[in-house]
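Novice: Contents are compact mmCIF, C-alpha atoms; file name entry.txt:
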```
# COMPACT_ATOMS: atom_id res chain seq x y z
CA MET S 1 -68.47 -44.11 30.10
CA ALA S 2 -67.85 -42.73 26.64
CA SER S 3 -70.54 -43.39 24.05
CA ARG S 4 -69.86 -45.13 20.76
CA GLU S 5 -70.17 -41.82 18.91
CA GLN S 6 -67.69 -40.11 21.24
CA LEU S 7 -65.17 -42.92 20.78
CA GLU S 8 -65.54 -42.78 16.99
CA LEU S 9 -65.12 -39.01 16.89
CA SER S 10 -62.11 -38.97 19.20
CA GLY S 11 -60.63 -41.87 17.22
CA LEU S 12 -60.79 -39.79 14.05
CA ILE S 13 -59.06 -36.86 15.76
CA LYS S 14 -56.32 -39.05 17.22
CA SER S 15 -55.72 -40.79 13.90
CA VAL S 16 -55.19 -37.46 12.13
CA HIS S 17 -52.70 -36.34 14.79
CA GLN S 18 -50.87 -39.66 14.70
CA ARG S 19 -50.63 -39.66 10.91
CA LEU S 20 -49.17 -36.16 10.94
CA ARG S 21 -46.56 -37.08 13.55
CA GLU S 22 -45.59 -40.26 11.73
CA SER S 23 -45.29 -38.41 8.42
CA ALA S 24 -43.17 -35.71 10.04
CA LYS S 25 -40.71 -38.36 11.28
CA HIS S 26 -39.97 -39.43 7.70
CA SER S 27 -40.45 -36.17 5.77
CA ASP S 28 -39.98 -32.45 6.25
CA PRO S 29 -42.54 -31.37 8.90
CA GLU S 30 -43.17 -28.09 7.08
CA THR S 31 -44.07 -29.93 3.89
CA VAL S 32 -46.25 -32.36 5.84
CA TRP S 33 -48.13 -29.48 7.43
CA ARG S 34 -48.62 -27.57 4.16
CA GLU S 35 -50.02 -30.67 2.49
CA HIS S 36 -52.34 -31.24 5.45
CA VAL S 37 -53.67 -27.67 5.31
CA GLN S 38 -54.52 -28.19 1.64
CA ASP S 39 -56.43 -31.45 2.22
CA ALA S 40 -59.94 -29.93 2.21
CA PRO S 41 -61.99 -33.16 2.61
CA LEU S 42 -59.93 -34.32 5.57
CA LEU S 43 -60.09 -30.89 7.22
CA GLN S 44 -63.86 -30.79 6.82
CA ASN S 45 -64.24 -34.20 8.46
CA TYR S 46 -61.86 -33.14 11.23
CA ALA S 47 -63.77 -29.88 11.85
CA GLU S 48 -67.11 -31.66 12.03
CA ALA S 49 -65.73 -34.23 14.47
CA MET S 50 -64.18 -31.57 16.70
CA HIS S 51 -67.37 -29.53 16.69
CA LYS S 52 -69.46 -32.51 17.76
CA LEU S 53 -66.98 -33.61 20.42
CA ALA S 54 -66.74 -30.14 21.90
CA THR S 55 -70.41 -29.21 21.93
CA ARG S 56 -71.88 -32.64 22.76
CA TYR S 57 -69.31 -33.93 25.22
CA TRP S 58 -66.27 -31.92 26.30
CA ASP S 59 -67.76 -28.52 27.02
CA ARG S 60 -70.90 -29.79 28.74
CA THR S 61 -69.28 -31.86 31.48
CA MET S 62 -69.61 -31.06 35.16
CA ASP S 63 -67.78 -32.66 38.08
CA VAL S 64 -70.73 -33.15 40.43
CA THR S 65 -68.55 -34.44 43.27
CA CYS S 66 -66.34 -31.34 43.34
CA LYS S 67 -69.20 -28.97 42.41
CA ARG S 68 -67.07 -27.36 39.73
CA SER S 69 -67.03 -27.29 35.99
CA ASN S 70 -64.57 -29.45 34.09
CA SER S 71 -65.24 -27.45 30.93
CA ARG S 72 -62.13 -26.02 29.33
CA ILE S 73 -64.23 -23.03 28.22
CA ASP S 74 -65.30 -22.17 31.78
CA TRP S 75 -61.72 -22.60 32.94
CA VAL S 76 -60.36 -20.14 30.37
CA VAL S 77 -63.05 -17.55 31.12
CA ALA S 78 -62.56 -17.77 34.88
CA SER S 79 -58.76 -17.56 34.54
CA CYS S 80 -58.95 -14.47 32.32
CA ARG S 81 -61.44 -12.70 34.56
CA SER S 82 -59.51 -13.29 37.77
CA TYR S 83 -56.31 -12.10 36.12
CA PHE S 84 -57.63 -8.99 34.35
CA THR S 85 -60.92 -7.85 35.88
CA GLY S 86 -61.40 -9.42 39.31
CA PRO S 87 -62.01 -7.21 42.39
CA THR S 88 -58.23 -7.25 42.83
CA PRO S 89 -56.86 -8.28 39.42
CA LEU S 90 -54.09 -10.84 39.79
CA LEU S 91 -52.17 -9.05 37.06
CA TYR S 92 -50.95 -6.59 39.70
CA LEU S 93 -49.72 -9.37 41.98
CA PHE S 94 -47.53 -10.74 39.20
CA ARG S 95 -46.43 -7.27 38.19
CA ASP S 96 -45.06 -6.82 41.72
CA LYS S 97 -43.28 -10.17 41.42
CA ASP S 98 -41.70 -9.08 38.12
CA ASP S 99 -40.50 -5.88 39.75
CA LYS S 100 -38.81 -7.81 42.55
CA VAL S 101 -37.06 -10.10 40.09
CA MET S 102 -35.86 -7.14 38.03
CA GLN S 103 -34.52 -5.46 41.17
CA ALA S 104 -32.55 -8.65 41.85
CA ILE S 105 -31.20 -8.57 38.28
CA GLU S 106 -30.47 -4.82 38.17
CA SER S 107 -29.90 -3.03 41.46
CA GLY S 108 -30.76 0.31 39.84
CA TYR S 109 -34.12 -0.84 38.45
CA ARG S 110 -36.99 1.49 39.40
CA PRO S 111 -40.47 0.41 38.27
CA THR S 112 -42.72 2.86 36.44
CA HIS S 113 -46.15 1.49 35.60
CA GLN S 114 -49.49 2.63 34.29
CA PRO S 115 -52.80 1.04 35.31
CA HIS S 116 -53.60 -1.88 33.02
CA TYR S 117 -57.13 -0.98 31.98
CA VAL S 118 -59.20 -3.60 30.18
CA GLU S 119 -62.74 -2.71 29.10
CA LYS S 120 -63.17 -5.98 27.23
CA ILE S 121 -60.65 -8.81 27.28
CA LYS S 122 -59.19 -8.87 23.77
CA MET S 123 -58.74 -12.57 22.98
CA LEU S 124 -57.31 -14.55 20.08
CA ASP S 125 -58.66 -18.11 20.05
CA VAL S 126 -56.33 -20.23 17.88
CA GLY S 127 -57.80 -23.46 16.56
CA SER S 128 -61.17 -22.22 17.73
CA CYS S 129 -63.41 -24.54 15.71
CA TYR S 130 -66.76 -22.98 16.70
CA ASN S 131 -65.90 -19.75 18.62
CA PRO S 132 -67.21 -20.73 22.08
CA PHE S 133 -65.98 -17.52 23.72
CA ALA S 134 -68.32 -15.37 21.63
CA ALA S 135 -70.99 -16.15 24.21
CA PHE S 136 -69.26 -13.97 26.84
CA ALA S 137 -70.02 -10.24 26.62
CA ASP S 138 -66.84 -9.15 28.42
CA PHE S 139 -64.62 -10.71 25.72
CA GLU S 140 -63.74 -9.31 22.30
CA VAL S 141 -62.80 -12.45 20.41
CA THR S 142 -60.94 -13.13 17.19
CA ALA S 143 -61.50 -16.81 16.42
CA ILE S 144 -59.33 -18.58 13.83
CA ASP S 145 -58.89 -22.11 12.51
CA ILE S 146 -57.52 -23.94 9.48
CA ALA S 147 -60.95 -25.59 9.17
CA PRO S 148 -63.64 -23.30 10.65
CA ALA S 149 -66.81 -25.09 11.74
CA GLN S 150 -68.87 -21.89 12.11
CA PRO S 151 -69.21 -18.68 10.01
CA ASP S 152 -67.80 -16.44 12.77
CA VAL S 153 -64.47 -18.31 12.75
CA TRP S 154 -61.91 -16.92 10.29
CA TYR S 155 -59.58 -19.09 8.24
CA CYS S 156 -55.96 -18.68 9.30
CA ASP S 157 -52.89 -20.92 9.47
CA PHE S 158 -51.27 -19.59 12.64
CA LEU S 159 -47.94 -21.17 11.76
CA GLU S 160 -47.68 -19.14 8.55
CA VAL S 161 -49.53 -15.88 9.29
CA ASP S 162 -47.49 -12.65 9.38
CA VAL S 163 -47.03 -10.50 12.49
CA LYS S 164 -46.54 -6.83 11.59
CA GLU S 165 -45.43 -3.79 13.52
CA SER S 166 -47.11 -1.39 11.09
CA ILE S 167 -50.77 -2.39 11.72
CA ASP S 168 -53.01 -1.92 14.73
CA ARG S 169 -55.65 -4.55 13.99
CA PRO S 170 -55.84 -7.89 12.17
CA GLN S 171 -55.79 -7.69 8.39
CA PHE S 172 -58.92 -9.45 7.14
CA LEU S 173 -59.55 -10.78 3.65
CA PRO S 174 -63.36 -10.78 3.59
CA GLU S 175 -63.56 -12.33 0.12
CA HIS S 176 -61.74 -15.41 1.46
CA HIS S 177 -63.06 -15.12 5.03
CA ALA S 178 -59.42 -15.21 6.10
CA ILE S 179 -56.82 -13.28 8.09
CA GLU S 180 -53.45 -12.60 6.46
CA ALA S 181 -51.64 -10.67 9.24
CA PHE S 182 -51.80 -9.73 12.92
CA PRO S 183 -50.41 -6.71 14.79
CA ARG S 184 -47.71 -7.01 17.43
CA SER S 185 -48.55 -6.49 21.11
CA HIS S 186 -52.28 -6.45 20.45
CA TYR S 187 -54.07 -9.15 22.48
CA ASP S 188 -54.69 -9.47 26.20
CA ALA S 189 -55.13 -13.23 25.99
CA ILE S 190 -54.32 -15.95 23.45
CA VAL S 191 -55.83 -19.43 23.78
CA PHE S 192 -54.20 -22.66 22.58
CA SER S 193 -56.86 -25.22 23.47
CA LEU S 194 -55.82 -28.69 22.27
CA LEU S 195 -53.71 -27.00 19.60
CA LEU S 196 -50.05 -27.78 20.21
CA GLU S 197 -50.45 -31.57 20.03
CA TYR S 198 -52.10 -31.12 16.60
CA LEU S 199 -48.80 -29.81 15.22
CA PRO S 200 -46.52 -32.65 14.12
CA SER S 201 -43.14 -31.30 15.25
CA PRO S 202 -41.72 -29.73 18.43
CA ASP S 203 -40.23 -26.87 16.39
CA GLN S 204 -43.66 -25.93 15.04
CA ARG S 205 -45.14 -25.90 18.55
CA LEU S 206 -42.33 -23.66 19.75
CA ARG S 207 -42.83 -21.34 16.77
CA CYS S 208 -46.50 -20.99 17.66
CA CYS S 209 -45.63 -20.00 21.23
CA SER S 210 -43.03 -17.49 20.02
CA LYS S 211 -45.60 -15.98 17.68
CA ALA S 212 -48.11 -15.73 20.54
CA TYR S 213 -45.49 -13.87 22.57
CA GLU S 214 -45.15 -11.31 19.77
CA MET S 215 -48.92 -10.79 19.53
CA LEU S 216 -49.55 -10.41 23.26
CA ARG S 217 -49.44 -7.08 25.03
CA PRO S 218 -46.84 -6.92 27.81
CA GLU S 219 -48.45 -8.67 30.82
CA GLY S 220 -50.86 -10.49 28.51
CA ILE S 221 -51.43 -14.22 29.01
CA LEU S 222 -51.18 -17.39 26.93
CA LEU S 223 -53.60 -20.10 28.04
CA ILE S 224 -52.61 -23.63 27.01
CA ILE S 225 -54.84 -26.68 27.39
CA THR S 226 -53.25 -30.01 26.54
CA PRO S 227 -54.64 -33.57 26.66
CA ASP S 228 -53.65 -35.46 29.79
CA SER S 229 -55.64 -38.46 30.98
CA ARG S 230 -52.98 -39.62 33.41
CA HIS S 231 -53.04 -39.14 37.16
CA GLN S 232 -52.21 -35.79 38.70
CA GLY S 233 -48.49 -35.10 38.59
CA ALA S 234 -47.64 -38.01 36.26
CA ASN S 235 -46.39 -35.63 33.54
CA ALA S 236 -44.87 -33.10 35.94
CA ARG S 237 -41.39 -33.44 34.46
CA LEU S 238 -42.67 -32.88 30.93
CA MET S 239 -44.68 -29.85 32.08
CA LYS S 240 -41.61 -28.46 33.81
CA SER S 241 -39.75 -28.81 30.49
CA TRP S 242 -42.53 -26.77 28.86
CA ARG S 243 -42.17 -24.19 31.60
CA TYR S 244 -38.42 -23.99 30.95
CA THR S 245 -38.89 -23.69 27.19
CA LEU S 246 -41.49 -20.93 27.39
CA ALA S 247 -39.49 -19.07 30.04
CA GLY S 248 -36.68 -18.87 27.48
CA ILE S 249 -39.06 -16.95 25.19
CA GLY S 250 -40.08 -14.55 27.97
CA PHE S 251 -43.09 -16.25 29.55
CA THR S 252 -43.66 -16.94 33.24
CA ARG S 253 -45.99 -19.77 34.17
CA ILE S 254 -48.47 -18.43 36.72
CA LYS S 255 -51.08 -21.18 36.88
CA ILE S 256 -51.41 -24.91 36.26
CA GLU S 257 -54.45 -27.04 36.99
CA LYS S 258 -55.41 -30.63 36.21
CA LEU S 259 -58.96 -31.14 34.97
CA GLU S 260 -60.44 -34.39 33.75
CA HIS S 261 -58.41 -35.55 30.72
CA VAL S 262 -56.54 -32.23 30.32
CA THR S 263 -53.86 -30.11 31.96
CA CYS S 264 -54.49 -26.35 31.84
CA MET S 265 -51.79 -23.69 32.13
CA VAL S 266 -51.51 -19.91 32.10
CA PHE S 267 -48.28 -18.24 30.97
CA ARG S 268 -47.77 -14.50 31.44
CA ARG S 269 -45.75 -12.38 29.06
CA SER S 270 -43.36 -10.97 31.64
CA LEU S 271 -42.50 -7.29 31.74
CA PHE S 272 -38.98 -8.17 30.57
CA ALA S 273 -37.66 -11.28 28.81
CA ALA S 274 -34.80 -11.32 31.34
CA ILE S 275 -37.26 -12.52 34.01
CA GLY S 276 -37.93 -15.77 32.20
CA LYS S 277 -34.27 -16.26 31.35
CA ARG S 278 -33.38 -15.87 35.03
CA TRP S 279 -35.88 -18.60 35.91
CA CYS S 280 -34.21 -20.84 33.31
CA ALA S 281 -30.76 -20.21 34.77
CA ILE S 282 -31.91 -21.02 38.30
CA HIS S 283 -34.15 -24.01 37.64
CA ARG S 284 -32.62 -25.78 34.64
CA GLU S 285 -31.97 -29.48 35.12
CA ALA S 286 -29.95 -31.84 32.96
CA TYR S 287 -32.92 -33.21 31.00
CA MET S 288 -34.26 -29.78 30.01
CA GLU S 289 -33.84 -28.49 26.47
CA PRO S 290 -35.67 -25.63 24.70
CA VAL S 291 -38.12 -27.94 22.94
CA LEU S 292 -41.87 -28.59 23.21
CA ASN S 293 -42.29 -32.33 23.19
CA ILE S 294 -45.49 -34.22 23.91
CA PRO S 295 -45.61 -37.83 25.17
CA GLN S 296 -46.59 -39.10 21.71
CA ASP S 297 -43.31 -37.80 20.26
CA PHE S 298 -41.48 -40.59 22.06
CA ASN S 299 -43.80 -43.48 21.33
CA GLU S 300 -47.29 -43.61 19.84
CA THR S 301 -48.19 -46.49 22.15
CA PRO S 302 -46.04 -45.71 25.19
CA THR S 303 -45.58 -48.19 27.98
CA ASN S 304 -45.26 -47.20 31.60
CA ASP S 305 -41.48 -47.06 31.15
CA GLU S 306 -41.58 -44.94 27.99
CA ARG S 307 -43.77 -41.96 28.95
CA MET S 308 -41.11 -39.58 30.22
CA ASP S 309 -41.47 -41.37 33.59
CA PHE S 310 -37.85 -41.14 34.65
CA VAL S 311 -36.84 -41.70 38.25
CA ARG S 312 -38.19 -38.69 40.12
CA SER S 313 -35.78 -36.40 41.87
CA ARG S 314 -36.50 -34.24 44.90
CA ALA S 315 -36.79 -31.28 42.51
CA ASP S 316 -39.47 -33.17 40.57
CA ASP S 317 -41.40 -33.81 43.77
CA ASP S 318 -41.18 -30.10 44.58
CA GLU S 319 -42.51 -29.30 41.09
CA ILE S 320 -45.49 -31.61 41.60
CA ARG S 321 -46.32 -30.06 44.96
CA GLU S 322 -46.00 -26.54 43.49
CA ALA S 323 -47.90 -27.28 40.31
CA PHE S 324 -50.87 -29.06 41.83
CA SER S 325 -51.14 -27.49 45.26
CA GLY S 326 -54.75 -26.45 44.67
CA LEU S 327 -53.97 -22.73 44.60
CA PRO S 328 -55.72 -20.84 41.79
CA PHE S 329 -52.48 -19.17 40.72
CA GLU S 330 -48.84 -19.77 41.53
CA HIS S 331 -47.55 -17.20 44.02
CA SER S 332 -44.08 -18.49 44.85
```
Please lay out the structure from this file as structure tokens.
Specialist:
Amino acid sequence: MASREQLELSGLIKSVHQRLRESAKHSDPETVWREHVQDAPLLQNYAEAMHKLATRYWDRTMDVTCKRSNSRIDWVVASCRSYFTGPTPLLYLFRDKDDKVMQAIESGYRPTHQPHYVEKIKMLDVGSCYNPFAAFADFEVTAIDIAPAQPDVWYCDFLEVDVKESIDRPQFLPEHHAIEAFPRSHYDAIVFSLLLEYLPSPDQRLRCCSKAYEMLRPEGILLIITPDSRHQGANARLMKSWRYTLAGIGFTRIKIEKLEHVTCMVFRRSLFAAIGKRWCAIHREAYMEPVLNIPQDFNETPTNDERMDFVRSRADDDEIREAFSGLPFEHS
């Protein structure tokens, strides 16, 4: 059972998110976000609350029954390692899948690849708060936030930061402890942990994912963790809409897993954007649009009939079985 402190801290976080969404419904979301980023006292309170929640509660939990960690940090680390540096890195499995799809698209396609060598996993942690991944020696981490809670987290508004072709490393402003630009095709992994639901509009969430696509190396991965306290598969249709939307950018979803209170996903930057677009053409259903909605966009206090719980089709049932089959990565 959650303690009084945990409830108070999470209540503060939820109230900030709700206020942003409500403001964005009645005003320009870009203006709402800019004003929020300039509200220093609120951001400080938010950062302190997030830091306490993460270090005292969220990232210390362990599912004793299943003998596995429910920590989002452990999940990200394990997913990155198995994809990039495991005994048989899963990157190569999905490279082969991309090749097969491209051969179906272009009969004359002939793959030419180089080994994907990673000495340290180059990670960008967006909305990092306290830079938890710095504890892992096999990661080279750039941690950013609009309200850093620790000195090794750099100030950066990911929505507004530039992405440049002409640089090969982030452009730091040491005097402001900030980052003003990032290079294209630079990172192996980008983490959005509890980030997208912070942004008040679907367009802003989509812009963040498009920017992540630009910053990732080909075959790099975007790891998204989103709040989800409902039962396994309850939001399968919404998650399939996310999959459709990100496939339109050029991502392929390769993993989805339900932990306590969150759903965790890995999206791979495919070798070619055409791979994702082909998935869209094959799997699109009538309700799908290129938009990143969250349940709260529809109703801040949703009832059972208002949480994207439409009548499930056979395709939805197939999505649930595929998404939560217990496999570490999706192979179909």
Novice: What separation in Å, quoted to one decimal, exists between atom CA of Lys277 of chain S and atom CA of Ala247 of chain S?
Specialist: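 Atom-to-atom, atom CA of Lys277 of chain S to atom CA of Ala247 of chain S, that is 6.1 Å.
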Novice: With all atoms listed in the file as the atoms that count, which of S:Glu140, S:Gln204, S:Arg72, S:Arg243 lies nearest to Lys258 of chain S?
Specialist: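 Between S:Glu140, S:Gln204, S:Arg72, S:Arg243, the residue approaching Lys258 of chain S most closely is S:Arg72.
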Novice: Pick the closest to Thr263 of chain S from S:Tyr213, S:Phe192, S:Tyr244, S:Phe136: which is it, counting all atoms listed in the file?
Specialist: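 Using all atoms listed in the file, Thr263 of chain S sits closest to S:Phe192.
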Novice: When you draw a straight line from atom CA of Asp138 of chain S to atom CA of Ile190 of chain S, how long is it in Å?
Specialist: 15.1 Å
Novice: Would you be able to write out as a list in words which residues have an atom within 10 Å of (-38.2, -17.5, 26.3) in the file's coordinates, counting only C-alpha atoms?
Specialist: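 Result, sorted by chain then residue number: Leu206, Cys209, Ser210, Tyr213, Arg243, Tyr244, Thr245, Leu246, Ala247, Gly248, Ile249, Gly250, Phe251, Thr252, Arg269, Ser270, Ala273, Ala274, Ile275, Gly276, Lys277, Trp279, Cys280 and Pro290 of chain S.
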Novice: Between segment 116-217 of chain S and segment 12-18 of chain S, at 12 Å or less, what are the per-residue closest atom pairs and their distances in Å? Count all atoms listed in the file, order by chain and rising residue number, and return it as a Markdown table.
Specialist:
```
| residue | atom | partner | partner_atom | distance |
| --- | --- | --- | --- | --- |
| S:Leu194 | CA | S:Ile13 | CA | 10.9 |
| S:Leu195 | CA | S:His17 | CA | 10.6 |
| S:Leu196 | CA | S:His17 | CA | 10.5 |
| S:Glu197 | CA | S:His17 | CA | 7.4 |
| S:Tyr198 | CA | S:His17 | CA | 5.6 |
| S:Leu199 | CA | S:His17 | CA | 7.6 |
| S:Pro200 | CA | S:His17 | CA | 7.2 |
| S:Ser201 | CA | S:His17 | CA | 10.8 |
```
Novice: Using only C-alpha atoms, pick whichever of S:Val262, S:Ala281, S:Glu5, S:Pro202 has the shortest atom-to-atom distance to Ala24 of chain S.
Specialist: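 Using only C-alpha atoms, the shortest distance to Ala24 of chain S belongs to S:Pro202.
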Novice: Where does segment 192-306 of chain S meet segment 84-106 of chain S within 9 Å, residue by residue, with the nearest atom pair and distance in Å to one decimal for each, counting all atoms listed in the file, listed by chain and rising number, as CSV?
Specialist:
```
residue,atom,partner,partner_atom,distance
S:Glu219,CA,S:Leu91,CA,7.3
S:Gly220,CA,S:Leu91,CA,8.8
S:Ile254,CA,S:Phe94,CA,8.1
S:Arg268,CA,S:Phe94,CA,8.6
S:Ser270,CA,S:Asp98,CA,7.0
S:Leu271,CA,S:Asp98,CA,6.7
S:Phe272,CA,S:Asp98,CA,8.1
S:Ala274,CA,S:Met102,CA,8.0
S:Ile275,CA,S:Val101,CA,6.5
S:Arg278,CA,S:Ile105,CA,8.3
```
Novice: Enter the distance from atom CA of Phe298 of chain S to atom CA of Val191 of chain S, in Å, rounded to one decimal.
Specialist: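 Calculated distance between atom CA of Phe298 of chain S and atom CA of Val191 of chain S is 25.6 Å.
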Novice: Taking only C-alpha atoms into account, name the residue in S:Tyr130, S:Ala49, S:Trp33, S:Tyr155 that is nearest to Glu175 of chain S.
Specialist: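 Comparing S:Tyr130, S:Ala49, S:Trp33, S:Tyr155 against Glu175 of chain S, the winner is S:Tyr155.
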Novice: Quick one: of S:Met265, S:Ala135, S:Ala178, S:Leu53, who's nearest to Leu222 of chain S, counting only C-alpha atoms?
Specialist: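 Of S:Met265, S:Ala135, S:Ala178, S:Leu53, the one nearest Leu222 of chain S, counting only C-alpha atoms, is S:Met265.
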Novice: If you take every atom of segment 279-295 of chain S that the file lists and fit an axis-aligned box around them with 5 Å extra on each side, what centre and edge lengths come out in Å to one decimal, as JSON?
Specialist:
```
{"center_x": -37.8, "center_y": -28.2, "center_z": 30.6, "size_x": 25.7, "size_y": 29.2, "size_z": 25.4}
```
Novice: Which one of S:Ala2, S:Gln150, S:Glu160, S:Ile144 sits closest to Phe172 of chain S if you count all atoms listed in the file?
Specialist: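 Smallest separation from Phe172 of chain S among the options: S:Ile144.
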Novice: Can I get segment 115-123 of chain S with all heavy atoms filled in, as a JSON list (two decimals), in the frame of the given file?
Specialist:
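Written out: out.json:
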```
[["chain", "number", "residue", "atom", "x", "y", "z"],
["S", 115, "PRO", "N", -51.73, 2.02, 35.08],
["S", 115, "PRO", "CA", -52.80, 1.04, 35.31],
["S", 115, "PRO", "C", -53.09, 0.26, 34.03],
["S", 115, "PRO", "O", -53.07, 0.82, 32.94],
["S", 115, "PRO", "CB", -53.99, 1.92, 35.73],
["S", 115, "PRO", "CG", -53.38, 3.17, 36.25],
["S", 115, "PRO", "CD", -52.13, 3.39, 35.45],
["S", 116, "HIS", "N", -53.33, -1.02, 34.18],
["S", 116, "HIS", "CA", -53.60, -1.88, 33.02],
["S", 116, "HIS", "C", -55.12, -1.98, 32.86],
["S", 116, "HIS", "O", -55.77, -2.88, 33.41],
["S", 116, "HIS", "CB", -52.99, -3.26, 33.26],
["S", 116, "HIS", "CG", -52.92, -4.11, 32.02],
["S", 116, "HIS", "ND1", -51.74, -4.37, 31.36],
["S", 116, "HIS", "CD2", -53.88, -4.74, 31.31],
["S", 116, "HIS", "CE1", -51.97, -5.14, 30.31],
["S", 116, "HIS", "NE2", -53.27, -5.39, 30.25],
["S", 117, "TYR", "N", -55.67, -1.05, 32.11],
["S", 117, "TYR", "CA", -57.13, -0.98, 31.98],
["S", 117, "TYR", "C", -57.61, -1.89, 30.86],
["S", 117, "TYR", "O", -57.08, -1.87, 29.75],
["S", 117, "TYR", "CB", -57.57, 0.47, 31.69],
["S", 117, "TYR", "CG", -59.05, 0.61, 31.47],
["S", 117, "TYR", "CD1", -59.94, 0.46, 32.51],
["S", 117, "TYR", "CD2", -59.55, 0.87, 30.19],
["S", 117, "TYR", "CE1", -61.32, 0.58, 32.30],
["S", 117, "TYR", "CE2", -60.91, 0.99, 29.97],
["S", 117, "TYR", "CZ", -61.79, 0.85, 31.04],
["S", 117, "TYR", "OH", -63.14, 0.96, 30.82],
["S", 118, "VAL", "N", -58.61, -2.71, 31.16],
["S", 118, "VAL", "CA", -59.20, -3.60, 30.18],
["S", 118, "VAL", "C", -60.72, -3.44, 30.23],
["S", 118, "VAL", "O", -61.37, -3.79, 31.20],
["S", 118, "VAL", "CB", -58.84, -5.08, 30.45],
["S", 118, "VAL", "CG1", -59.57, -6.00, 29.50],
["S", 118, "VAL", "CG2", -57.34, -5.29, 30.34],
["S", 119, "GLU", "N", -61.28, -2.84, 29.17],
["S", 119, "GLU", "CA", -62.74, -2.71, 29.10],
["S", 119, "GLU", "C", -63.37, -4.04, 28.70],
["S", 119, "GLU", "O", -64.30, -4.53, 29.33],
["S", 119, "GLU", "CB", -63.13, -1.63, 28.09],
["S", 119, "GLU", "CG", -64.64, -1.42, 27.99],
["S", 119, "GLU", "CD", -64.98, -0.30, 27.02],
["S", 119, "GLU", "OE1", -64.06, 0.29, 26.43],
["S", 119, "GLU", "OE2", -66.19, -0.01, 26.88],
["S", 120, "LYS", "N", -62.84, -4.62, 27.63],
["S", 120, "LYS", "CA", -63.17, -5.98, 27.23],
["S", 120, "LYS", "C", -61.86, -6.74, 27.04],
["S", 120, "LYS", "O", -60.89, -6.17, 26.54],
["S", 120, "LYS", "CB", -63.98, -6.01, 25.94],
["S", 120, "LYS", "CG", -65.44, -5.61, 26.09],
["S", 120, "LYS", "CD", -66.21, -5.93, 24.81],
["S", 120, "LYS", "CE", -67.70, -5.70, 25.00],
["S", 120, "LYS", "NZ", -68.48, -6.14, 23.80],
["S", 121, "ILE", "N", -61.84, -8.00, 27.43],
["S", 121, "ILE", "CA", -60.65, -8.81, 27.28],
["S", 121, "ILE", "C", -60.49, -9.17, 25.81],
["S", 121, "ILE", "O", -61.31, -9.87, 25.23],
["S", 121, "ILE", "CB", -60.73, -10.07, 28.15],
["S", 121, "ILE", "CG1", -60.80, -9.67, 29.63],
["S", 121, "ILE", "CG2", -59.52, -10.98, 27.91],
["S", 121, "ILE", "CD1", -61.15, -10.82, 30.56],
["S", 122, "LYS", "N", -59.43, -8.65, 25.20],
["S", 122, "LYS", "CA", -59.19, -8.87, 23.77],
["S", 122, "LYS", "C", -58.50, -10.22, 23.60],
["S", 122, "LYS", "O", -57.34, -10.38, 23.98],
["S", 122, "LYS", "CB", -58.34, -7.73, 23.21],
["S", 122, "LYS", "CG", -58.31, -7.67, 21.69],
["S", 122, "LYS", "CD", -57.58, -6.42, 21.22],
["S", 122, "LYS", "CE", -58.34, -5.16, 21.61],
["S", 122, "LYS", "NZ", -57.68, -3.94, 21.08],
["S", 123, "MET", "N", -59.21, -11.19, 23.04],
["S", 123, "MET", "CA", -58.74, -12.57, 22.98],
["S", 123, "MET", "C", -58.58, -13.05, 21.55],
["S", 123, "MET", "O", -59.41, -12.77, 20.69],
["S", 123, "MET", "CB", -59.74, -13.50, 23.71],
["S", 123, "MET", "CG", -59.45, -14.99, 23.54],
["S", 123, "MET", "SD", -60.76, -16.04, 24.19],
["S", 123, "MET", "CE", -60.44, -15.89, 25.94]]
```
